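Inspection log for the structure reproduced underneath, given as structure tokens.
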Amino acid sequence: MPSVHQRCALTGATTVTLALLAAGLPSVATAADAPDLSRFYGQKIKWSACNGYEMPEDMQCGKVTVPLDYAKPGDGTLDLALARYRATGKSRGSVLLNFGGPGGAGIPQLAVGGEDFMGLTNGYDVVTFDPRGVGQSSPVSCGEGAGETDGRTDDTTDPQDALKALRRAADECARHSGPVLRHIGTVNASRDMDVMRQALGDKKLNYLGFSYGTRLGAVYAAQFPKKTGRLVLDGVDTLTEPLAEQGLVGAESQQAALEDFLTWCTKDLTCPFGQDPRSARTEVVQLIDSLDADPVPADFGQEFSGQDLVGAISQALYSRQMWPTLEQALNSLLQDGDTRWLVQLSGGAAFPGTTVGGRPEGEPAVPARPDGESDTAARKDDELTVTASPDGGLVDPVDVPVDNLPAALMAINCADDPDRPSADQITKEIDRLRAEYAQVSPVFGEYRLTQVLMCYGRAKGTDYIRDEVRDVAAPKMLLVGTRGDPATPYRWTVETAERLGSSAVVLDNKGDGHTGYASSKCVHQKVDDFLLYGSLPDNGSSCGPPDSGD
């Protein structure tokens, strides 16, 4: 594959063909019928200080421009926000991070949790981004009333009323999100990453993805196997199970994590549910039912319901480090009627796969680029004049809609799922689904089932991930599965590894919590060794629990 400079020296049909190969489009496409993406692959990133409240001084921000629709690159463009920490020594290129979600913005998470990745700056620029529809990158939204029309699935709700509410919600999301909503999803986000790879000056993509980020990484390896470098997937997502099955598995895993939390909590005299784990489980269900029947006031004139409580608990269970905060938040609710801690957990907690921590101060000055290239943008501004929603440019951090994360999560999951049962099918199946979800989790069942049904009224998603992401011809990649993961069960790691084929190497993390990089020194070391030095553990090797010394 010729370099960018070699491509610029070519003309006519050859230039178009090479652009298509770089974009991962079918090699059988001809110059006559294939879109020309060369202007997007000719970019360089102009880095500068990051704007925003308390952004780290040593973190730099930039952007790349991508087509709104890769099939019709002339119909509009989007700017995608990026951030990086520079390599502290000689750089071998970049490692791109995705923290999960879907819907998690990368830039604020790298700003808050950058300390965990400073070891990688020994050899890489550590880069993250806000995917299309997320954060500063044309954020989607469902409007100020998001959540009020939520299509509740409890047995007091008429299914037809719930479906009508879901369709209205889908219409509101489309109205507030603009054109990007029709082009959101992992397949396009993966293609965006290849544009980033070229703009970063990397021949191959080195990547560390958490939770949903593992889905994104697997899709990239399938679309661009020859452009895949060292790939790490931590907290491995499923590639095959439909949303209904994913929701069921998720509810079951979260119920198990909740019971672990209650066992821990009831050993403390300040536990709001007493000292008996069995009765504590009953009290949690009663509290949720009570708040659903009679929500309590929250800030800004809002109400806090039982399902809001479930959402807050769900976020806090991703890591044992959050358990003391959850206990304190529950005490505040039960003793003082104060919902602020719980609201913060549900809306402001770090998303799956993220870390919380500071950042080393006094980093050395940023070295010059080893390749001698300037960071000045190579393209001319007038080459990308057609833009989208409203102009395709970046959004200021303070203007990101407050509902962007849940709106993007739902939009991306729906875009990635081809199943759209009809109203009649849902009506016939809803009682069975309610019973199945309630059986695996009396706490999370309704909450997860409601999320599953939110795709009703939206356009059918792609079947590419389910049908085509298999037996990838990429180099060896590292998949980390955690035995006690409440969000991505270990069996998904095994199933995804089998699906990806001989390229996949599994590391069995015998700890708990969502993902292993931040919580296990052993996992952290093995991931860094692979990314920095290419040293892979044996397939099926393991890291012991945090207190085991492994």
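Chain identifiers are assigned as A, B, and so on, following the order in which chains appear in the structure tokens; residues are numbered from 1 within each chain, and ligands are numbered from 1 in order of appearance.
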
Which residues of stretch 434-468 of chain A sit at most 8 Å from stretch 417-420 of chain A, using only C-alpha atoms? Give each one's shortest atom pair and distance in Å (one decimal place), in chain and ascending residue order, as a tab-separated table.
residue	atom	partner	partner_atom	distance
A:Cys455	CA	A:Arg420	CA	7.4
A:Tyr456	CA	A:Arg420	CA	6.7
A:Lys460	CA	A:Pro418	CA	5.3
A:Gly461	CA	A:Pro418	CA	4.2
A:Thr462	CA	A:Pro418	CA	5.3
A:Asp463	CA	A:Pro418	CA	5.4

Write a file of the just-selected residues containing N, CA and C atoms, as a JSON list (two decimals), in the first residue's frame.
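Final file, selection_6.json:
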[["chain", "number", "residue", "atom", "x", "y", "z"],
["A", 455, "CYS", "N", -35.47, 0.69, 20.87],
["A", 455, "CYS", "CA", -35.19, 0.74, 19.43],
["A", 455, "CYS", "C", -36.47, 0.72, 18.60],
["A", 456, "TYR", "N", -37.58, 0.43, 19.23],
["A", 456, "TYR", "CA", -38.84, 0.44, 18.49],
["A", 456, "TYR", "C", -39.10, 1.86, 17.96],
["A", 460, "LYS", "N", -34.10, 0.32, 11.03],
["A", 460, "LYS", "CA", -33.40, -0.94, 11.22],
["A", 460, "LYS", "C", -31.90, -0.73, 11.17],
["A", 461, "GLY", "N", -31.18, -1.40, 12.08],
["A", 461, "GLY", "CA", -29.74, -1.27, 12.13],
["A", 461, "GLY", "C", -29.03, -2.20, 11.17],
["A", 462, "THR", "N", -27.69, -2.10, 11.14],
["A", 462, "THR", "CA", -26.87, -2.88, 10.24],
["A", 462, "THR", "C", -26.80, -4.35, 10.67],
["A", 463, "ASP", "N", -26.64, -5.24, 9.71],
["A", 463, "ASP", "CA", -26.38, -6.64, 10.02],
["A", 463, "ASP", "C", -24.91, -6.99, 9.83]]

Taking only residues of stretch 75-142 of chain A that have an atom at most 12 Å from an atom of stretch 522-543 of chain A, what is each one's shortest atom pair and its distance in Å to one decimal, using only C-alpha atoms, in chain and number order, as a tab-separated table?
residue	atom	partner	partner_atom	distance
A:Ala87	CA	A:Leu532	CA	11.8
A:Lys90	CA	A:Leu532	CA	11.9
A:Ser91	CA	A:Leu532	CA	10.4
A:Arg92	CA	A:Leu532	CA	9.0
A:Gly93	CA	A:Leu532	CA	10.7
A:Ser94	CA	A:Leu531	CA	10.4
A:Val95	CA	A:Leu531	CA	8.1
A:Leu96	CA	A:Leu531	CA	10.9
A:Leu97	CA	A:Leu531	CA	11.9
A:Asp116	CA	A:His524	CA	8.9
A:Phe117	CA	A:Asp528	CA	9.0
A:Met118	CA	A:Asp528	CA	10.3
A:Gly119	CA	A:Asp528	CA	7.5
A:Leu120	CA	A:Asp528	CA	6.6
A:Thr121	CA	A:Leu532	CA	9.2
A:Asn122	CA	A:Leu532	CA	7.9
A:Gly123	CA	A:Leu532	CA	6.2
A:Tyr124	CA	A:Leu532	CA	7.9
A:Asp125	CA	A:Leu532	CA	11.5
A:Val126	CA	A:Leu531	CA	11.4

Interface rows for stretch 86-110 of chain A against stretch 59-66 of chain A: nearest pair, Å to one decimal, 12 Å, only C-alpha atoms, as CSV:
residue,atom,partner,partner_atom,distance
A:Arg86,CA,A:Met59,CA,7.7
A:Ala87,CA,A:Met59,CA,11.1
A:Gly106,CA,A:Cys61,CA,11.5
A:Ile107,CA,A:Cys61,CA,8.5
A:Pro108,CA,A:Met59,CA,10.8
A:Gln109,CA,A:Met59,CA,11.9
A:Leu110,CA,A:Met59,CA,8.9

Long-range neighbours of stretch 200-210 of chain A as number ranges by chain, 7 Å cut-off, only C-alpha atoms, 4 positions minimum in chain: A: 44-45, 93-100, 196, 214, 217, 227-235, 353, 515

field: Secondary structure check, strand (DSSP E or B) residues of stretch 181-291 of chain A, as number ranges by chain
entry: A: 205-210, 228-234

If you keep N, CA, C and O atoms, can you produce a file of those selected residues as a CSV table (one decimal), in the first residue's frame?
chain,number,residue,atom,x,y,z
A,205,LEU,N,-3.1,0.9,13.0
A,205,LEU,CA,-3.8,1.4,14.2
A,205,LEU,C,-3.4,0.6,15.4
A,205,LEU,O,-3.7,-0.6,15.4
A,206,ASN,N,-2.9,1.2,16.4
A,206,ASN,CA,-2.7,0.6,17.7
A,206,ASN,C,-3.8,1.1,18.6
A,206,ASN,O,-4.1,2.3,18.6
A,207,TYR,N,-4.4,0.2,19.3
A,207,TYR,CA,-5.7,0.5,19.9
A,207,TYR,C,-6.0,-0.2,21.2
A,207,TYR,O,-5.6,-1.3,21.4
A,208,LEU,N,-6.6,0.5,22.2
A,208,LEU,CA,-7.0,0.0,23.5
A,208,LEU,C,-8.4,0.4,23.7
A,208,LEU,O,-8.7,1.6,23.9
A,209,GLY,N,-9.3,-0.6,23.7
A,209,GLY,CA,-10.8,-0.3,23.8
A,209,GLY,C,-11.4,-1.0,25.0
A,209,GLY,O,-11.0,-2.2,25.2
A,210,PHE,N,-12.2,-0.3,25.7
A,210,PHE,CA,-12.9,-0.9,26.9
A,210,PHE,C,-14.4,-1.1,26.6
A,210,PHE,O,-15.0,-0.2,26.0
A,228,THR,N,-4.5,-3.0,10.8
A,228,THR,CA,-4.6,-3.3,12.3
A,228,THR,C,-3.2,-3.5,12.8
A,228,THR,O,-2.5,-4.4,12.3
A,229,GLY,N,-2.8,-2.8,13.9
A,229,GLY,CA,-1.6,-3.0,14.6
A,229,GLY,C,-1.8,-3.8,15.8
A,229,GLY,O,-2.3,-4.9,15.8
A,230,ARG,N,-1.4,-3.3,17.0
A,230,ARG,CA,-1.5,-4.0,18.3
A,230,ARG,C,-2.9,-3.5,18.9
A,230,ARG,O,-3.1,-2.4,19.2
A,231,LEU,N,-3.8,-4.5,19.0
A,231,LEU,CA,-5.1,-4.2,19.4
A,231,LEU,C,-5.4,-4.9,20.7
A,231,LEU,O,-5.2,-6.1,20.8
A,232,VAL,N,-6.0,-4.2,21.7
A,232,VAL,CA,-6.3,-4.7,23.0
A,232,VAL,C,-7.8,-4.4,23.2
A,232,VAL,O,-8.3,-3.3,23.1
A,233,LEU,N,-8.6,-5.5,23.6
A,233,LEU,CA,-10.0,-5.4,23.9
A,233,LEU,C,-10.2,-5.8,25.3
A,233,LEU,O,-10.0,-7.0,25.6
A,234,ASP,N,-10.6,-4.9,26.2
A,234,ASP,CA,-10.8,-5.2,27.6
A,234,ASP,C,-12.2,-5.0,28.1
A,234,ASP,O,-12.8,-3.9,27.9

query: If we count only C-alpha atoms, what is near stretch 181-193 of chain A at a cut-off of 7 Å, once residues fewer than 2 positions away on the same chain are taken out, given as an MDAnalysis selection string?
result: chainID A and resid 23 66 68:69 131:133 140 174 177:179 195:197 216 219:220 412 415:416

For those residues, write C-alpha atoms to a file as a short mmCIF file (atom, residue, chain, number, x, y, z; two decimals), in the first residue's frame.
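Ended up saving to selection24.cif:
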data_model
loop_
_atom_site.label_atom_id
_atom_site.label_comp_id
_atom_site.auth_asym_id
_atom_site.auth_seq_id
_atom_site.Cartn_x
_atom_site.Cartn_y
_atom_site.Cartn_z
CA ALA A 23 -10.85 3.29 3.28
CA VAL A 66 -14.90 12.85 8.06
CA LEU A 68 -21.25 12.29 7.10
CA ASP A 69 -22.02 9.43 4.67
CA PRO A 131 -17.03 9.53 18.28
CA ARG A 132 -19.60 10.89 15.84
CA GLY A 133 -22.76 11.86 17.69
CA VAL A 140 -27.17 13.68 19.43
CA ALA A 174 -34.53 12.43 15.34
CA SER A 177 -30.22 15.22 16.61
CA GLY A 178 -30.21 16.17 12.96
CA PRO A 179 -28.57 14.32 10.04
CA VAL A 195 -9.21 8.41 8.87
CA MET A 196 -7.77 9.28 12.29
CA ARG A 197 -5.04 6.68 11.87
CA LEU A 216 -15.55 -0.94 17.90
CA VAL A 219 -15.24 -4.09 13.74
CA TYR A 220 -12.10 -2.16 12.80
CA ILE A 412 -25.55 3.50 18.54
CA ALA A 415 -27.83 1.34 14.70
CA ASP A 416 -25.78 -1.81 15.40
#

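Residues of stretch 60-181 of chain A that DSSP places in alpha helix (DSSP H), based on the backbone of this structure, are Gly106, Ile107, Pro108, Gln109, Leu110, Ala111, Val112, Gly113, Pro159, Gln160, Asp161, Ala162, Leu163, Lys164, Ala165, Leu166, Arg167, Arg168, Ala169, Ala170, Asp171, Glu172, Cys173, Ala174, Arg175, His176 and Ser177 of chain A.
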
- line: Counting only C-alpha atoms, closest pick from A:Arg466, A:Lys510, A:Lys164, A:Lys72 relative to A:Leu243 is A:Arg466
